[in-house]
$ cat entry.txt   # compact mmCIF, C-alpha atoms
# COMPACT_ATOMS: atom_id res chain seq x y z
CA MET F 1 82.43 90.28 108.93
CA LYS F 2 81.90 87.92 106.01
CA ARG F 3 85.50 86.69 106.31
CA ILE F 4 85.04 86.04 110.03
CA MET F 5 81.86 84.04 109.38
CA ASN F 6 83.62 82.00 106.69
CA ILE F 7 86.50 81.20 109.06
CA PHE F 8 84.01 80.29 111.81
CA ASN F 9 82.09 77.96 109.49
CA GLU F 10 85.31 76.28 108.35
CA GLY F 11 86.37 75.87 111.99
CA VAL F 12 83.00 74.28 112.82
CA LEU F 13 83.50 71.89 109.92
CA ASP F 14 86.93 70.92 111.26
CA LEU F 15 85.50 70.29 114.73
CA LEU F 16 82.56 68.22 113.49
CA ALA F 17 84.83 66.29 111.14
CA ASN F 18 87.17 65.40 114.00
CA ALA F 19 84.54 64.81 116.68
CA GLY F 20 81.53 63.99 114.49
CA VAL F 21 81.79 60.31 115.33
CA ALA F 22 81.37 60.98 119.05
CA ILE F 23 79.08 64.02 119.40
CA PRO F 24 75.85 62.67 117.78
CA TYR F 25 76.51 59.28 119.43
CA PHE F 26 76.79 60.90 122.86
CA PHE F 27 73.68 63.04 122.32
CA CYS F 28 71.57 60.07 121.19
CA LEU F 29 72.87 57.91 124.05
CA THR F 30 71.92 60.65 126.54
CA LEU F 31 68.46 60.89 124.95
CA TYR F 32 67.99 57.14 125.36
CA ASN F 33 69.27 57.12 128.96
CA GLN F 34 66.72 59.79 129.88
CA ASN F 35 63.87 57.77 128.31
CA LYS F 36 64.85 54.14 128.99
CA ASN F 37 61.28 53.20 129.80
CA ILE F 38 60.17 54.15 126.24
CA PHE F 39 61.76 51.86 123.66
CA THR F 40 60.99 54.27 120.80
CA TYR F 41 63.83 56.48 122.05
CA ALA F 42 66.29 53.63 121.57
CA LEU F 43 65.66 53.59 117.80
CA PRO F 44 67.67 56.76 116.93
CA PHE F 45 70.60 55.44 118.96
CA LEU F 46 70.42 51.98 117.39
CA MET F 47 70.20 53.31 113.84
CA LEU F 48 72.95 55.87 114.36
CA TYR F 49 75.22 53.15 115.76
CA THR F 50 74.47 50.80 112.88
CA PHE F 51 74.98 53.25 110.03
CA ARG F 52 77.95 54.93 111.68
CA ALA F 53 79.60 51.50 111.85
CA LEU F 54 78.84 50.55 108.25
CA GLY F 55 78.55 53.91 106.48
CA MET F 56 81.98 53.72 104.87
CA LEU F 57 81.16 50.40 103.20
CA LEU F 58 78.26 52.14 101.45
CA THR F 59 80.70 54.51 99.71
CA THR F 60 81.78 51.54 97.57
CA PHE F 61 78.58 52.15 95.58
CA ILE F 62 78.86 55.97 95.39
CA THR F 63 81.13 57.73 92.90
CA LEU F 64 80.23 61.36 93.61
CA PRO F 65 83.11 63.84 94.03
CA ALA F 66 84.41 64.31 97.57
CA SER F 67 83.21 67.94 97.54
CA THR F 68 79.61 66.87 96.87
CA MET F 69 79.74 64.08 99.46
CA LEU F 70 81.13 66.46 102.08
CA ALA F 71 78.17 68.80 101.55
CA MET F 72 75.78 65.83 101.57
CA SER F 73 77.17 64.50 104.86
CA SER F 74 76.62 67.89 106.52
CA LEU F 75 73.11 68.14 105.03
CA PHE F 76 72.32 64.68 106.42
CA GLY F 77 73.52 65.96 109.80
CA VAL F 78 71.14 68.92 109.65
CA ILE F 79 68.09 66.85 108.64
CA GLY F 80 68.97 64.01 111.01
CA SER F 81 69.32 66.34 114.01
CA LEU F 82 65.98 68.00 113.29
CA CYS F 83 64.25 64.63 112.81
CA ILE F 84 65.38 63.48 116.24
CA LEU F 85 63.54 66.43 117.76
CA GLY F 86 60.47 64.33 116.93
CA ALA F 87 61.99 61.03 118.12
CA ALA F 88 58.77 60.16 119.96
CA ASN F 89 57.56 59.27 116.46
CA PRO F 90 59.40 56.01 115.52
CA VAL F 91 59.61 56.95 111.83
CA LEU F 92 61.30 60.28 112.54
CA GLY F 93 63.57 58.64 115.11
CA ILE F 94 64.71 55.98 112.61
CA ILE F 95 65.27 58.50 109.78
CA GLY F 96 67.14 60.81 112.13
CA GLY F 97 69.36 57.99 113.40
CA VAL F 98 70.18 56.74 109.89
CA LEU F 99 71.06 60.22 108.58
CA LEU F 100 73.14 61.14 111.65
CA GLY F 101 74.91 57.78 111.39
CA LEU F 102 75.85 58.42 107.76
CA ALA F 103 76.89 62.00 108.56
CA SER F 104 79.12 60.75 111.39
CA SER F 105 80.68 58.12 109.16
CA TRP F 106 81.25 60.30 106.08
CA ILE F 107 82.13 63.81 107.22
CA TRP F 108 85.71 63.14 108.35
CA PRO F 109 87.06 61.09 105.39
CA TYR F 110 85.48 63.41 102.81
CA TYR F 111 86.69 66.51 104.68
CA LEU F 112 90.16 64.98 104.88
CA THR F 113 90.11 64.33 101.12
CA VAL F 114 89.03 67.91 100.31
CA ARG F 115 91.42 69.51 102.82
CA SER F 116 94.37 67.44 101.56
CA ARG F 117 93.56 68.43 97.99
CA GLY F 118 93.50 72.10 99.03
CA GLN F 119 96.81 71.82 100.89
CA MET F 120 98.43 69.94 98.03
CA ASP F 121 97.34 72.61 95.52
CA LYS F 122 98.20 75.37 98.06
CA GLU F 123 94.65 76.74 97.88
CA PHE F 124 93.61 76.08 101.49
CA LYS F 125 95.42 76.36 104.81
CA PHE F 126 94.08 75.87 108.35
CA ASN F 127 95.26 78.86 110.43
CA ARG F 128 95.11 80.18 114.01
CA MET F 129 91.76 81.89 113.44
CA HIS F 130 90.31 78.54 112.43
CA THR F 131 91.69 77.03 115.66
CA LEU F 132 90.08 79.84 117.68
CA SER F 133 86.71 79.17 116.05
CA VAL F 134 87.07 75.47 116.90
CA LEU F 135 87.67 76.33 120.57
CA ILE F 136 84.73 78.77 120.69
CA THR F 137 82.43 76.17 119.11
CA LEU F 138 83.61 73.53 121.56
CA VAL F 139 82.87 75.79 124.54
CA ILE F 140 79.37 76.55 123.20
CA LEU F 141 78.76 72.86 122.55
CA VAL F 142 79.76 71.79 126.07
CA ALA F 143 77.78 74.62 127.70
CA VAL F 144 74.60 73.85 125.76
CA GLN F 145 74.91 70.12 126.44
CA LEU F 146 75.28 70.74 130.19
CA ILE F 147 72.24 73.04 130.20
CA ALA F 148 70.22 70.57 128.13
CA THR F 149 71.15 67.67 130.44
CA LYS F 150 70.37 69.61 133.61
CA THR F 151 67.02 70.87 132.33
CA GLN F 152 66.14 67.49 130.73
CA PHE F 153 65.47 69.40 127.50
CA LEU F 154 67.77 67.57 125.11
CA GLY F 155 66.00 69.08 122.12
CA LEU F 156 68.26 72.09 122.71
CA SER F 157 71.33 69.92 122.00
CA PHE F 158 69.93 68.68 118.70
CA VAL F 159 68.92 72.20 117.61
CA LEU F 160 72.51 73.30 118.22
CA LEU F 161 73.82 70.21 116.41
CA ALA F 162 71.62 71.03 113.38
CA PHE F 163 72.93 74.60 113.40
CA LEU F 164 76.55 73.38 113.57
CA PHE F 165 76.06 70.93 110.70
CA LEU F 166 74.53 73.76 108.68
CA ALA F 167 77.54 75.97 109.44
CA ALA F 168 79.82 73.05 108.50
CA MET F 169 77.98 72.63 105.18
CA VAL F 170 78.46 76.33 104.37
CA GLY F 171 82.11 76.12 105.44
CA GLY F 172 82.70 73.05 103.29
CA MET F 173 81.10 74.67 100.24
CA HIS F 174 83.24 77.77 100.77
CA ILE F 175 86.42 75.67 100.86
CA THR F 176 85.56 73.60 97.79
CA HIS F 177 84.57 76.70 95.79
CA ARG F 178 88.14 77.94 96.29
CA LEU F 179 89.70 74.70 95.03
CA THR F 180 90.37 74.66 91.29
CA PHE F 181 90.33 70.87 91.21
CA TYR F 182 86.59 70.64 92.01
CA GLN F 183 85.40 73.24 89.53
CA GLY F 184 83.39 71.70 86.71
CA LEU F 185 83.39 68.14 88.08
CA GLU F 186 80.35 66.02 87.27
CA LYS F 187 77.75 66.60 89.99
CA LYS F 188 75.12 64.09 88.93
CA PRO F 189 74.69 61.18 91.37
CA LYS F 190 76.35 57.99 90.25
CA PHE F 191 75.70 54.69 91.98
CA LYS F 192 77.08 51.31 91.07
CA VAL F 193 76.41 47.87 92.51
CA ASN F 194 79.32 45.54 91.82
CA SER F 195 77.22 42.45 92.45
CA LEU F 196 73.98 41.36 94.08
CA PHE F 197 76.09 39.31 96.48
CA SER F 198 77.94 42.34 97.86
CA LEU F 199 74.66 44.20 98.31
CA ILE F 200 73.13 41.26 100.20
CA VAL F 201 76.20 41.02 102.44
CA LEU F 202 76.01 44.73 103.23
CA ALA F 203 72.26 44.60 103.95
CA SER F 204 72.81 41.56 106.18
CA LEU F 205 75.56 43.38 108.06
CA VAL F 206 73.24 46.35 108.63
CA MET F 207 70.61 44.06 110.17
CA LEU F 208 73.18 42.14 112.22
CA ILE F 209 74.86 45.22 113.68
CA PHE F 210 71.40 46.58 114.54
CA ILE F 211 70.52 43.34 116.34
CA VAL F 212 73.89 43.27 118.10
CA ARG F 213 73.33 46.79 119.40
CA TYR F 214 69.75 45.94 120.39
CA THR F 215 70.88 42.97 122.47
CA ARG F 216 73.08 45.31 124.49
CA LEU F 217 69.94 47.15 125.60
CA LYS F 218 67.35 44.39 126.04
CA THR F 219 67.44 40.84 127.40
CA VAL F 220 66.94 38.08 124.80
CA SER F 221 66.92 34.29 125.05
CA ASN F 222 70.14 32.24 125.05
CA THR F 223 68.94 30.46 121.90
CA PHE F 224 68.75 33.81 120.14
CA ASP F 225 72.31 34.47 121.35
CA LEU F 226 73.45 31.27 119.63
CA ILE F 227 71.68 32.14 116.37
CA ILE F 228 73.30 35.59 116.31
CA SER F 229 76.71 33.99 116.91
CA ILE F 230 76.35 31.60 113.98
CA VAL F 231 75.13 34.37 111.67
CA ALA F 232 78.01 36.59 112.83
CA ILE F 233 80.58 33.91 111.95
CA VAL F 234 79.09 33.44 108.46
CA LEU F 235 78.94 37.17 107.79
CA PHE F 236 82.46 37.61 109.13
CA LEU F 237 83.70 35.19 106.46
CA PHE F 238 81.62 36.94 103.76
CA LEU F 239 82.98 40.32 104.88
CA ALA F 240 86.54 39.05 104.47
CA TYR F 241 85.72 37.72 100.99
CA TYR F 242 83.93 40.94 100.06
CA GLN F 243 87.12 42.97 100.65
CA ILE F 244 89.71 40.48 99.36
CA GLY F 245 90.21 42.24 96.00
CA ILE F 246 91.31 45.59 97.42
CA HIS F 247 93.15 43.76 100.22
CA LYS F 248 95.33 41.84 97.72
CA LYS F 249 95.92 44.98 95.66
CA LEU F 250 97.27 46.99 98.61
CA PHE F 251 98.90 44.28 100.75
CA PRO F 252 100.43 44.82 103.29
CA VAL F 253 99.07 48.39 103.58
CA SER F 254 95.59 46.86 103.66
CA LEU F 255 96.59 44.84 106.74
CA VAL F 256 97.69 48.06 108.43
CA ALA F 257 94.39 49.82 107.63
CA ILE F 258 92.34 46.86 108.93
CA ASN F 259 94.51 46.72 112.06
CA ARG F 260 93.76 50.41 112.65
CA GLY F 261 90.04 49.61 112.71
CA VAL F 262 90.56 46.65 115.03
CA VAL F 263 92.58 48.70 117.55
CA MET F 264 90.19 51.67 117.37
CA ASN F 265 87.22 49.41 118.07
CA TYR F 266 89.11 47.76 120.94
CA VAL F 267 89.76 51.14 122.59
CA MET F 268 86.63 53.10 121.71
CA LEU F 269 83.96 50.41 121.99
CA TYR F 270 85.04 47.18 123.64
CA ALA F 271 87.17 48.81 126.36
CA ILE F 272 84.36 51.22 127.30
CA PHE F 273 81.98 48.33 128.05
CA ASP F 274 84.68 46.23 129.70
CA SER F 275 86.06 49.00 131.93
CA THR F 276 82.62 50.32 132.93
CA ILE F 277 81.70 46.86 134.25
CA ARG F 278 85.16 46.31 135.73
CA PHE F 279 85.55 49.63 137.56
CA GLY F 280 81.91 50.41 138.30
CA PHE F 281 81.61 53.85 136.66
CA ASN F 282 80.89 55.16 133.15
CA THR F 283 84.30 55.40 131.47
CA LEU F 284 83.07 56.78 128.12
CA MET F 285 84.37 60.33 128.49
CA LEU F 286 87.60 59.26 130.23
CA ILE F 287 88.53 56.82 127.47
CA TYR F 288 87.49 59.27 124.74
CA ALA F 289 89.72 61.95 126.33
CA LEU F 290 92.64 59.50 126.59
CA TYR F 291 92.10 58.52 122.97
CA LEU F 292 92.06 62.12 121.68
CA ILE F 293 95.16 63.09 123.69
CA GLY F 294 97.06 59.96 122.65
CA PHE F 295 95.96 60.34 119.03
CA GLU F 296 97.21 63.93 118.84
CA LEU F 297 100.43 63.33 120.80
CA GLY F 298 101.39 60.14 118.95
CA PRO F 299 102.84 61.77 115.80
CA ILE F 300 104.72 64.29 117.98
CA LEU F 301 106.14 61.83 120.52
CA LEU F 302 107.19 59.30 117.90
CA LYS F 303 108.19 61.75 115.18
CA ASN F 304 111.76 60.43 115.11
CA HIS F 305 110.94 56.93 116.37
CA GLN F 306 108.02 55.76 114.23
CA SER F 307 109.29 52.17 114.33
CA TRP F 308 108.42 52.09 118.05
CA ARG F 309 104.69 52.35 117.41
CA TYR F 310 103.99 48.60 117.13
CA PRO F 311 106.05 47.65 120.21
CA LEU F 312 104.14 50.38 122.09
CA LEU F 313 100.84 48.95 120.86
CA LEU F 314 101.73 45.42 121.92
CA MET F 315 102.93 46.72 125.30
CA GLY F 316 99.69 48.70 125.69
CA LEU F 317 97.59 45.59 125.07
CA VAL F 318 99.54 43.72 127.75
CA LEU F 319 99.18 46.59 130.24
CA ALA F 320 95.42 46.68 129.58
CA LEU F 321 95.19 43.18 131.07
CA PHE F 322 95.77 44.57 134.57
CA ASN F 323 93.54 46.97 136.52
CA TYR F 324 96.34 49.23 137.75
CA THR F 325 97.74 49.82 134.27
CA TYR F 326 94.49 49.46 132.31
CA PHE F 327 94.10 53.08 131.20
CA LEU F 328 97.83 53.51 130.59
CA GLY F 329 97.60 50.56 128.20
CA LEU F 330 94.69 52.18 126.34
CA PHE F 331 96.67 55.44 126.15
CA LEU F 332 99.58 53.62 124.48
CA CYS F 333 97.11 52.09 122.01
CA ALA F 334 95.84 55.61 121.23
CA ILE F 335 99.42 56.83 120.65
CA PHE F 336 99.83 53.97 118.18
CA VAL F 337 96.62 54.86 116.29
CA GLY F 338 97.63 58.54 116.02
CA THR F 339 101.13 57.75 114.76
CA ASP F 340 100.06 54.96 112.43
CA ASN F 341 97.23 57.08 111.06
CA ARG F 342 99.61 59.69 109.66
CA ILE F 343 101.92 57.07 108.15
CA LEU F 344 98.95 55.26 106.61
CA ASN F 345 97.60 58.50 105.12
CA ASP F 346 100.93 59.16 103.38
CA ALA F 347 101.21 55.57 102.14
CA LEU F 348 97.73 55.59 100.60
CA TYR F 349 97.71 59.13 99.23
CA LYS F 350 101.02 58.56 97.42
CA ASN F 351 100.04 55.11 96.14
CA THR F 352 100.13 55.22 92.35
CA ASP F 353 97.60 52.38 92.10
CA LEU F 354 94.88 54.49 93.75
CA ASP F 355 92.92 57.53 92.65
CA SER F 356 93.87 60.26 95.14
CA GLU F 357 90.16 61.09 95.53
CA ARG F 358 89.47 57.59 96.87
CA ALA F 359 92.67 56.98 98.81
CA PHE F 360 91.28 58.05 102.18
CA LEU F 361 87.95 56.34 101.45
CA ILE F 362 89.81 53.06 100.88
CA LYS F 363 91.55 53.57 104.21
CA TYR F 364 88.27 54.08 106.06
CA GLN F 365 86.57 51.21 104.24
CA LEU F 366 89.33 48.85 105.35
CA SER F 367 89.27 50.33 108.85
CA CYS F 368 85.52 49.76 108.85
CA VAL F 369 86.15 46.10 108.00
CA GLY F 370 88.52 45.86 110.97
CA ASN F 371 86.06 47.66 113.24
CA VAL F 372 83.11 45.46 112.32
CA SER F 373 85.21 42.29 112.40
CA GLN F 374 86.40 43.01 115.94
CA GLN F 375 82.81 43.68 117.01
CA LEU F 376 81.66 40.38 115.50
CA VAL F 377 84.46 38.47 117.23
CA TYR F 378 83.57 40.05 120.57
CA MET F 379 79.83 39.53 120.26
CA THR F 380 80.24 35.96 119.00
CA THR F 381 82.43 35.18 122.01
CA ILE F 382 80.02 36.47 124.61
CA TYR F 383 76.96 34.99 122.91
CA PHE F 384 78.55 31.53 122.83
CA ILE F 385 79.50 31.87 126.50
CA SER F 386 75.99 33.08 127.36
CA TYR F 387 74.41 30.12 125.59
CA PHE F 388 76.60 27.35 126.99
CA MET F 389 76.88 28.79 130.53
CA LYS F 390 73.19 29.84 130.64
CA ILE F 391 73.92 33.40 131.71
CA ASN F 392 72.39 36.72 130.65
CA ALA F 393 74.51 38.31 127.91
CA LEU F 394 73.25 41.73 128.96
CA GLY F 395 75.45 41.35 132.04
CA PHE F 396 78.50 42.00 129.87
CA PHE F 397 77.26 45.59 129.37
CA ASN F 398 75.32 46.26 132.58
CA ASN F 399 76.68 45.47 136.05
CA HIS F 400 73.18 45.68 137.56
CA ILE F 401 72.12 42.39 135.93
CA THR F 402 71.85 39.71 138.62
CA ASP F 403 72.18 36.63 136.39
CA GLY F 404 75.10 38.00 134.38
CA PRO F 405 78.67 36.69 134.13
CA THR F 406 81.00 36.38 137.15
CA ASN F 407 84.18 38.42 137.44
CA GLY F 408 86.13 35.33 136.41
CA VAL F 409 84.14 34.99 133.18
CA LEU F 410 84.48 38.71 132.42
CA TYR F 411 88.23 38.57 132.90
CA GLY F 412 88.48 35.41 130.79
CA VAL F 413 86.70 37.17 127.92
CA HIS F 414 88.98 40.18 128.35
CA ILE F 415 92.08 38.00 128.06
CA PHE F 416 90.71 36.29 124.94
CA ILE F 417 89.68 39.50 123.15
CA THR F 418 92.98 41.19 124.02
CA ALA F 419 94.88 38.12 122.76
CA VAL F 420 93.00 38.24 119.42
CA VAL F 421 93.83 41.94 118.95
CA PHE F 422 97.45 41.27 120.02
CA LEU F 423 97.79 38.43 117.50
CA TYR F 424 96.45 40.49 114.60
CA ALA F 425 98.67 43.44 115.55
CA ALA F 426 101.72 41.16 115.75
CA ILE F 427 100.99 39.69 112.28
CA THR F 428 100.51 43.19 110.86
CA PHE F 429 103.76 44.31 112.52
CA TYR F 430 105.64 41.44 110.86
CA PHE F 431 104.49 42.27 107.32
CA ALA F 432 104.49 46.08 107.77
CA ARG F 433 108.07 46.00 109.08
CA GLU F 434 109.20 44.11 105.98
CA LYS F 435 107.48 46.65 103.73
CA GLU F 436 108.96 49.62 105.56

$ encode --input "entry.txt" --output "structure tokens"
Amino acid sequence: MKRIMNIFNEGVLDLLANAGVAIPYFFCLTLYNQNKNIFTYALPFLMLYTFRALGMLLTTFITLPASTMLAMSSLFGVIGSLCILGAANPVLGIIGGVLLGLASSWIWPYYLTVRSRGQMDKEFKFNRMHTLSVLITLVILVAVQLIATKTQFLGLSFVLLAFLFLAAMVGGMHITHRLTFYQGLEKKPKFKVNSLFSLIVLASLVMLIFIVRYTRLKTVSNTFDLIISIVAIVLFLFLAYYQIGIHKKLFPVSLVAINRGVVMNYVMLYAIFDSTIRFGFNTLMLIYALYLIGFELGPILLKNHQSWRYPLLLMGLVLALFNYTYFLGLFLCAIFVGTDNRILNDALYKNTDLDSERAFLIKYQLSCVGNVSQQLVYMTTIYFISYFMKINALGFFNNHITDGPTNGVLYGVHIFITAVVFLYAAITFYFAREKE
């Protein structure tokens, strides 16, 4: 019985690590949608979004072992889920959103680091029983979410989420206790701030991403749009400078990691807003399903043709320009991310210039830079358009806004954003091909 429980807990950890970015996000979004008339319920969603987007940049200042951080991310998930049960209280809602955001951002890279260490030392292997526990957990998760949504009692979802994070924490501790590498490592917290400048940049990014997310929910003045755009441009330049050291050290692998974040943000964030407005229905689950399928199939389909991944990406971006091939284009982008992800993991983990414990963290930090950069480019574009054309920026995210952009403006923005992603991917392809 104890062995079965251990396998179940490890399976839960694998599920939350793989889907931890989406599950809390979806739960908090549903909570907000059911309470749109009460702004307090937007706070957990806003904070989760902000700290999920920037959580990996915070790991620059944390030097705890991956085993400790994995347990901490699960613990944050437990506390955050329970706090959101009291989201009617703004303080609890904010704390819950912050902790769930950090848990969502951290659990996968730290789990990947621990699991890779276990596989490398032949002390941990994911087997069929683990897969079965993942499927059982997924069925329970979907069933509870459907019941919670139908009964309007979303607290049930967050109770289950807290329980799953607790199971994941136990599963993670069980795995790391079996790994010789982590025995006797220093467990005391270590924090380092490289410079006051980097801390200010990170704090500014936190505030900016929060404001950006807020302006997707509430109407603000066009002047405020312009101010956000200018601040976004300045912080975009600072963000590039902030990462230039590690970028130079790993070039062109750093370009590849940043490109991964750009493409992921294009598919999983920008395209969801764009397609929902364009096609008139919520495309969140459809795009997430396409992404997961493409991500998993990519390494299999291109196993013997890995050099095709960039041409497929560029083709996918072109296909996404047209309504009839829109989702096929996104699927090709997902195939690229899945294939490139495995190649990037190998390149970083075997890099002699990097500590193997931080290899995956570097990858996700650079991906985070790409993710945030693409968001800033997108938001700057629409805020400038909103200011100079005197239209409501909220119309880019809500097709019920009467004074929002026309279809021509929406399509123009889509062409521009796609062109920016295409250009960066093409530049990355040029340098990555030379390296390979």

$ closest_residue --input "entry.txt" --among "F:Val231, F:Cys333, F:Val253, F:Leu164" --to "Asp346 of chain F" --atoms "all atoms listed in the file"
F:Val253

$ atom_distance --input "entry.txt" --atom1 "atom CA of Leu344 of chain F" --atom2 "atom CA of Phe251 of chain F"
12.4 Å

$ closest_residue --input "entry.txt" --among "F:Ala71, F:Phe416, F:Thr223, F:Leu31" --to "Asn392 of chain F" --atoms "all atoms listed in the file"
F:Thr223

$ atom_distance --input "entry.txt" --atom1 "atom CA of Leu156 of chain F" --atom2 "atom CA of Trp106 of chain F"
24.2 Å

$ atom_distance --input "entry.txt" --atom1 "atom CA of Leu13 of chain F" --atom2 "atom CA of Leu302 of chain F"
28.0 Å

$ closest_residue --input "entry.txt" --among "F:Tyr291, F:Trp108, F:Tyr49, F:Tyr387" --to "Ser74 of chain F" --atoms "all atoms listed in the file"
F:Trp108

$ residues_around --input "entry.txt" --residues "Leu312 of chain F" --least-positions-apart "3" --cutoff "12 Å" --atoms "all atoms listed in the file" --output "PyMOL selection string"
chain F and resi 294+298+301-302+305-309+315-319+328-337+339-340+422+425-426+429

$ closest_residue --input "entry.txt" --among "F:Gln34, F:Thr428, F:Ser105, F:Ser116" --to "Pro252 of chain F" --atoms "all atoms listed in the file"
F:Thr428

$ residues_around --input "entry.txt" --residues "Pro405 of chain F" --least-positions-apart "6" --cutoff "10 Å" --atoms "all atoms listed in the file" --output "PyMOL selection string"
chain F and resi 382+385-386+389-396+399+411

$ residues_around --input "entry.txt" --residues "Gly101 of chain F" --least-positions-apart "5" --cutoff "10 Å" --atoms "only C-alpha atoms" --output "PyMOL selection string"
chain F and resi 20-21+24-25+44-55+73+76-77+80+95-96+106

$ write_last_selection --input "entry.txt" --atoms "C-alpha atoms" --output "tab-separated table (two decimals), in the coordinates of the input"
chain	number	residue	atom	x	y	z
F	20	GLY	CA	81.53	63.99	114.49
F	21	VAL	CA	81.79	60.31	115.33
F	24	PRO	CA	75.85	62.67	117.78
F	25	TYR	CA	76.51	59.28	119.43
F	44	PRO	CA	67.67	56.76	116.93
F	45	PHE	CA	70.60	55.44	118.96
F	46	LEU	CA	70.42	51.98	117.39
F	47	MET	CA	70.20	53.31	113.84
F	48	LEU	CA	72.95	55.87	114.36
F	49	TYR	CA	75.22	53.15	115.76
F	50	THR	CA	74.47	50.80	112.88
F	51	PHE	CA	74.98	53.25	110.03
F	52	ARG	CA	77.95	54.93	111.68
F	53	ALA	CA	79.60	51.50	111.85
F	54	LEU	CA	78.84	50.55	108.25
F	55	GLY	CA	78.55	53.91	106.48
F	73	SER	CA	77.17	64.50	104.86
F	76	PHE	CA	72.32	64.68	106.42
F	77	GLY	CA	73.52	65.96	109.80
F	80	GLY	CA	68.97	64.01	111.01
F	95	ILE	CA	65.27	58.50	109.78
F	96	GLY	CA	67.14	60.81	112.13
F	106	TRP	CA	81.25	60.30	106.08

$ residues_around --input "entry.txt" --residues "segment 278-284 of chain F" --least-positions-apart "6" --cutoff "9 Å" --atoms "only C-alpha atoms" --output "VMD selection string"
chain F and resid 268 to 269 271 to 272 323 399 407 410 to 411

$ residues_near_point --input "entry.txt" --point "(85.9, 46.2, 110.0)" --cutoff "9 Å" --atoms "only C-alpha atoms" --output "ChimeraX atom specification"
/F:53-54,239,258-259,261-262,265,365-375

$ closest_residue --input "entry.txt" --among "F:Leu313, F:Val234, F:Leu255, F:Leu292" --to "Val377 of chain F" --atoms "only C-alpha atoms"
F:Val234

$ closest_residue --input "entry.txt" --among "F:Ile427, F:Leu290, F:Leu226, F:Val420" --to "Thr380 of chain F" --atoms "all atoms listed in the file"
F:Leu226
